[in-house]
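S.K.: This is the structure I want to talk about, given as structure tokens.
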Amino acid sequence: MICGVGTDIAKVSRFEKWVRNPDLIRRFFNPCEIHRIESSACIERKLPFLCEHYASRFAAKEAFSKALGTGFVGLELSDFGIQKDENGKPYFFFGEKTASIIEKKYGKTAKVFVSISHEKEYAVSFVVIEKA
């Protein structure tokens with residue numbers, strides 16, 4: 001049974017400021033999502049990729065909070081994030097705090113599905129929470 005749906009869109013250019021500020025990145029993203037940047041020259045070369053990367057993941061976090069029905073209340077954005085499986089399909093991973101919130105609200109059998117896309121200026125994400 002579907003018990004939560006959320007979607008979000010993020011403007012990619014908004015994340016240029018974030019990419020240049022490691023404190024913002026650490027505040028909103030899990031270490032597994034963070035790409036190490038070693039020099040300003042490296043930042044310039046990777047900037048479009050990094051902005052898309054963070055915009056799409058932030059849109060996914062926002063969509064998840066909407067599907068959960070809580071907004072960001074009680075969630076720590078660095079306690080969960082997005083990774084890709086061996087086929088490139090995105091999936092959420094959850095830290096203890098977020099997993100506990102999901103379990104309390106939907107039980108241990110809840111599944112969270114995510115779809116992410118980005119095209120030049122925008123990143124979009126769609127999340128579905130299913131309870132068996």
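Scheme for the structure tokens: letters A, B, ... for chains in order shown; per-chain residue numbers from 1; ligand numbers from 1 in order shown.
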Which polymer residues have any atom within 10 Å of an atom of segment 53-56 of chain A, counting only C-alpha atoms, with same-chain residues fewer than 5 positions away left out, as a count of residues only?
M.R.: 31
S.K.: Near Val5 of chain A, within 10 Å and counting only C-alpha atoms, which residues show up once chain neighbours fewer than 5 positions away are dropped, as a list in words?
M.R.: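 After dropping sequence-adjacent residues, the list is Ala63, Phe64, Ser65, Lys66, Ala67, Leu68, Gly69, Val112, Phe113, Val114, Phe126, Val127, Val128, Ile129 and Glu130 of chain A.
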S.K.: Write the selection just made, keeping C-alpha atoms, as a PDB file, in the first residue's frame?
M.R.:
ATOM      1  CA  ALA A  63      10.621  14.955  -1.749  1.00  0.00           C
ATOM      2  CA  PHE A  64      11.269  12.337   0.965  1.00  0.00           C
ATOM      3  CA  SER A  65      10.272  14.768   3.718  1.00  0.00           C
ATOM      4  CA  LYS A  66       7.040  15.476   1.838  1.00  0.00           C
ATOM      5  CA  ALA A  67       6.308  11.775   1.308  1.00  0.00           C
ATOM      6  CA  LEU A  68       6.974  11.164   5.000  1.00  0.00           C
ATOM      7  CA  GLY A  69       4.463  13.878   5.800  1.00  0.00           C
ATOM      8  CA  VAL A 112      11.155   3.996   0.076  1.00  0.00           C
ATOM      9  CA  PHE A 113      11.520   4.442  -3.687  1.00  0.00           C
ATOM     10  CA  VAL A 114      13.195   7.424  -5.341  1.00  0.00           C
ATOM     11  CA  PHE A 126       9.940  11.857  -6.896  1.00  0.00           C
ATOM     12  CA  VAL A 127       9.597   9.650  -3.789  1.00  0.00           C
ATOM     13  CA  VAL A 128       7.090   6.936  -2.910  1.00  0.00           C
ATOM     14  CA  ILE A 129       6.819   5.257   0.493  1.00  0.00           C
ATOM     15  CA  GLU A 130       5.175   1.854   0.491  1.00  0.00           C
TER      16      GLU A 130
END
S.K.: Hey, what does DSSP flag as strand (DSSP E or B) within segment 23-110 of chain A? Can you give it to me as a ChimeraX atom specification?
M.R.: /A:80-84,90-94
S.K.: Can you write just those residues out, all heavy atoms, as a PDB file, in the first residue's frame?
M.R.:
ATOM      1  N   PHE A  80      20.659  10.893   6.350  1.00  0.00           N
ATOM      2  CA  PHE A  80      20.212  10.026   5.266  1.00  0.00           C
ATOM      3  C   PHE A  80      20.666  10.622   3.941  1.00  0.00           C
ATOM      4  O   PHE A  80      21.036  11.786   3.867  1.00  0.00           O
ATOM      5  CB  PHE A  80      18.687   9.833   5.285  1.00  0.00           C
ATOM      6  CG  PHE A  80      17.874  11.075   5.033  1.00  0.00           C
ATOM      7  CD1 PHE A  80      17.331  11.318   3.787  1.00  0.00           C
ATOM      8  CD2 PHE A  80      17.629  11.985   6.049  1.00  0.00           C
ATOM      9  CE1 PHE A  80      16.570  12.450   3.543  1.00  0.00           C
ATOM     10  CE2 PHE A  80      16.855  13.113   5.823  1.00  0.00           C
ATOM     11  CZ  PHE A  80      16.326  13.355   4.567  1.00  0.00           C
ATOM     12  N   GLY A  81      20.673   9.789   2.922  1.00  0.00           N
ATOM     13  CA  GLY A  81      21.139  10.281   1.636  1.00  0.00           C
ATOM     14  C   GLY A  81      20.853   9.309   0.511  1.00  0.00           C
ATOM     15  O   GLY A  81      20.135   8.325   0.683  1.00  0.00           O
ATOM     16  N   ILE A  82      21.442   9.604  -0.624  1.00  0.00           N
ATOM     17  CA  ILE A  82      21.233   8.840  -1.849  1.00  0.00           C
ATOM     18  C   ILE A  82      22.539   8.180  -2.277  1.00  0.00           C
ATOM     19  O   ILE A  82      23.595   8.806  -2.246  1.00  0.00           O
ATOM     20  CB  ILE A  82      20.775   9.772  -2.998  1.00  0.00           C
ATOM     21  CG1 ILE A  82      19.458  10.440  -2.668  1.00  0.00           C
ATOM     22  CG2 ILE A  82      20.721   9.036  -4.322  1.00  0.00           C
ATOM     23  CD1 ILE A  82      18.260   9.555  -2.772  1.00  0.00           C
ATOM     24  N   GLN A  83      22.436   6.939  -2.671  1.00  0.00           N
ATOM     25  CA  GLN A  83      23.531   6.248  -3.346  1.00  0.00           C
ATOM     26  C   GLN A  83      22.949   5.592  -4.585  1.00  0.00           C
ATOM     27  O   GLN A  83      21.743   5.669  -4.819  1.00  0.00           O
ATOM     28  CB  GLN A  83      24.169   5.219  -2.426  1.00  0.00           C
ATOM     29  CG  GLN A  83      24.909   5.858  -1.282  1.00  0.00           C
ATOM     30  CD  GLN A  83      25.976   4.948  -0.711  1.00  0.00           C
ATOM     31  OE1 GLN A  83      26.092   3.793  -1.048  1.00  0.00           O
ATOM     32  NE2 GLN A  83      26.773   5.496   0.181  1.00  0.00           N
ATOM     33  N   LYS A  84      23.798   4.961  -5.380  1.00  0.00           N
ATOM     34  CA  LYS A  84      23.337   4.248  -6.573  1.00  0.00           C
ATOM     35  C   LYS A  84      23.731   2.786  -6.464  1.00  0.00           C
ATOM     36  O   LYS A  84      24.812   2.467  -5.959  1.00  0.00           O
ATOM     37  CB  LYS A  84      23.954   4.850  -7.831  1.00  0.00           C
ATOM     38  CG  LYS A  84      23.457   6.247  -8.124  1.00  0.00           C
ATOM     39  CD  LYS A  84      24.068   6.764  -9.411  1.00  0.00           C
ATOM     40  CE  LYS A  84      23.602   8.170  -9.697  1.00  0.00           C
ATOM     41  NZ  LYS A  84      24.198   8.686 -10.942  1.00  0.00           N
ATOM     42  N   PRO A  90      19.169   4.998  -8.278  1.00  0.00           N
ATOM     43  CA  PRO A  90      19.332   5.652  -6.972  1.00  0.00           C
ATOM     44  C   PRO A  90      18.474   4.989  -5.896  1.00  0.00           C
ATOM     45  O   PRO A  90      17.403   4.452  -6.185  1.00  0.00           O
ATOM     46  CB  PRO A  90      18.849   7.083  -7.241  1.00  0.00           C
ATOM     47  CG  PRO A  90      17.894   6.957  -8.367  1.00  0.00           C
ATOM     48  CD  PRO A  90      18.383   5.805  -9.211  1.00  0.00           C
ATOM     49  N   TYR A  91      18.987   5.019  -4.688  1.00  0.00           N
ATOM     50  CA  TYR A  91      18.229   4.536  -3.535  1.00  0.00           C
ATOM     51  C   TYR A  91      18.640   5.327  -2.300  1.00  0.00           C
ATOM     52  O   TYR A  91      19.739   5.871  -2.239  1.00  0.00           O
ATOM     53  CB  TYR A  91      18.434   3.034  -3.314  1.00  0.00           C
ATOM     54  CG  TYR A  91      19.834   2.650  -2.896  1.00  0.00           C
ATOM     55  CD1 TYR A  91      20.194   2.578  -1.548  1.00  0.00           C
ATOM     56  CD2 TYR A  91      20.811   2.356  -3.844  1.00  0.00           C
ATOM     57  CE1 TYR A  91      21.478   2.231  -1.161  1.00  0.00           C
ATOM     58  CE2 TYR A  91      22.097   2.011  -3.469  1.00  0.00           C
ATOM     59  CZ  TYR A  91      22.425   1.943  -2.129  1.00  0.00           C
ATOM     60  OH  TYR A  91      23.708   1.616  -1.742  1.00  0.00           O
ATOM     61  N   PHE A  92      17.739   5.393  -1.339  1.00  0.00           N
ATOM     62  CA  PHE A  92      18.037   6.052  -0.074  1.00  0.00           C
ATOM     63  C   PHE A  92      18.766   5.097   0.852  1.00  0.00           C
ATOM     64  O   PHE A  92      18.505   3.898   0.868  1.00  0.00           O
ATOM     65  CB  PHE A  92      16.745   6.478   0.641  1.00  0.00           C
ATOM     66  CG  PHE A  92      16.207   7.795   0.199  1.00  0.00           C
ATOM     67  CD1 PHE A  92      15.082   7.855  -0.606  1.00  0.00           C
ATOM     68  CD2 PHE A  92      16.802   8.983   0.590  1.00  0.00           C
ATOM     69  CE1 PHE A  92      14.562   9.072  -1.012  1.00  0.00           C
ATOM     70  CE2 PHE A  92      16.299  10.204   0.194  1.00  0.00           C
ATOM     71  CZ  PHE A  92      15.175  10.250  -0.610  1.00  0.00           C
ATOM     72  N   PHE A  93      19.670   5.650   1.655  1.00  0.00           N
ATOM     73  CA  PHE A  93      20.192   4.943   2.819  1.00  0.00           C
ATOM     74  C   PHE A  93      19.857   5.829   4.014  1.00  0.00           C
ATOM     75  O   PHE A  93      19.788   7.049   3.905  1.00  0.00           O
ATOM     76  CB  PHE A  93      21.698   4.667   2.706  1.00  0.00           C
ATOM     77  CG  PHE A  93      22.555   5.908   2.635  1.00  0.00           C
ATOM     78  CD1 PHE A  93      23.037   6.503   3.790  1.00  0.00           C
ATOM     79  CD2 PHE A  93      22.865   6.479   1.408  1.00  0.00           C
ATOM     80  CE1 PHE A  93      23.818   7.648   3.730  1.00  0.00           C
ATOM     81  CE2 PHE A  93      23.649   7.617   1.335  1.00  0.00           C
ATOM     82  CZ  PHE A  93      24.126   8.206   2.494  1.00  0.00           C
ATOM     83  N   PHE A  94      19.560   5.189   5.147  1.00  0.00           N
ATOM     84  CA  PHE A  94      19.089   5.915   6.314  1.00  0.00           C
ATOM     85  C   PHE A  94      19.954   5.623   7.530  1.00  0.00           C
ATOM     86  O   PHE A  94      20.292   4.476   7.798  1.00  0.00           O
ATOM     87  CB  PHE A  94      17.636   5.528   6.629  1.00  0.00           C
ATOM     88  CG  PHE A  94      16.694   5.820   5.502  1.00  0.00           C
ATOM     89  CD1 PHE A  94      16.195   4.797   4.707  1.00  0.00           C
ATOM     90  CD2 PHE A  94      16.312   7.114   5.226  1.00  0.00           C
ATOM     91  CE1 PHE A  94      15.325   5.062   3.664  1.00  0.00           C
ATOM     92  CE2 PHE A  94      15.446   7.400   4.182  1.00  0.00           C
ATOM     93  CZ  PHE A  94      14.955   6.367   3.397  1.00  0.00           C
TER      94      PHE A  94
END
S.K.: Could you pull out the residues in chain A that DSSP calls helix (DSSP H, G or I) from the backbone, as a VMD selection string?
M.R.: chain A and resid 12 to 19 22 to 28 31 to 33 40 to 68 77 to 79 96 to 106
S.K.: Dump C-alpha atoms for the selected residues as a compact mmCIF listing (two decimals), in the first residue's frame?
M.R.:
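In the end it all went to selection-v7.txt:
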# COMPACT_ATOMS: atom_id res chain seq x y z
CA VAL A 12 20.93 23.76 -10.07
CA SER A 13 22.60 27.19 -10.03
CA ARG A 14 21.46 27.70 -6.42
CA PHE A 15 23.99 25.08 -5.36
CA GLU A 16 27.07 26.87 -6.68
CA LYS A 17 27.22 28.83 -3.41
CA TRP A 18 26.87 25.56 -1.48
CA VAL A 19 29.65 23.80 -3.42
CA PRO A 22 32.05 23.03 2.72
CA ASP A 23 30.13 23.90 5.92
CA LEU A 24 26.85 24.10 3.99
CA ILE A 25 27.58 20.83 2.23
CA ARG A 26 28.33 19.05 5.53
CA ARG A 27 25.17 20.49 7.09
CA PHE A 28 22.84 19.16 4.41
CA PRO A 31 29.53 12.10 4.10
CA CYS A 32 28.75 9.33 1.57
CA GLU A 33 27.18 11.96 -0.70
CA SER A 40 39.76 25.83 -6.43
CA ALA A 41 40.86 24.77 -9.93
CA CYS A 42 39.22 21.43 -9.27
CA ILE A 43 36.03 23.20 -8.19
CA GLU A 44 35.85 25.16 -11.44
CA ARG A 45 36.35 22.05 -13.53
CA LYS A 46 33.73 20.03 -11.63
CA LEU A 47 31.31 22.83 -10.78
CA PRO A 48 28.44 21.92 -13.14
CA PHE A 49 28.62 18.25 -12.12
CA LEU A 50 28.78 19.04 -8.40
CA CYS A 51 25.88 21.50 -8.58
CA GLU A 52 23.73 18.91 -10.38
CA HIS A 53 24.83 16.25 -7.89
CA TYR A 54 23.84 18.26 -4.83
CA ALA A 55 20.70 19.80 -6.38
CA SER A 56 19.33 16.38 -7.31
CA ARG A 57 20.08 14.92 -3.89
CA PHE A 58 18.61 17.90 -2.09
CA ALA A 59 15.45 17.61 -4.22
CA ALA A 60 15.29 13.93 -3.23
CA LYS A 61 15.60 14.80 0.47
CA GLU A 62 12.87 17.42 0.12
CA ALA A 63 10.62 14.96 -1.75
CA PHE A 64 11.27 12.34 0.97
CA SER A 65 10.27 14.77 3.72
CA LYS A 66 7.04 15.48 1.84
CA ALA A 67 6.31 11.78 1.31
CA LEU A 68 6.97 11.16 5.00
CA LEU A 77 19.55 15.95 6.49
CA SER A 78 23.02 14.50 7.00
CA ASP A 79 21.48 11.34 8.59
CA GLU A 96 19.50 5.34 12.85
CA LYS A 97 17.46 8.46 13.58
CA THR A 98 15.74 8.58 10.18
CA ALA A 99 15.19 4.81 10.10
CA SER A 100 13.53 5.09 13.52
CA ILE A 101 11.16 7.82 12.28
CA ILE A 102 10.18 5.70 9.26
CA GLU A 103 9.66 2.61 11.43
CA LYS A 104 7.49 4.48 13.97
CA LYS A 105 5.35 5.98 11.24
CA TYR A 106 5.08 3.05 8.79
S.K.: Can you work out which one of A:Gly95, A:Gly74, A:Gly88, A:Gly4 has the shortest atom-to-atom distance to Ala110 of chain A, counting only C-alpha atoms?
M.R.: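 Counting only C-alpha atoms, the residue closest to Ala110 of chain A is A:Gly4.
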S.K.: Using atom CA of Ile2 of chain A and atom CA of Thr109 of chain A as the two end points, give the distance in Å to one decimal.
M.R.: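 These atoms are spaced 12.1 Å apart.
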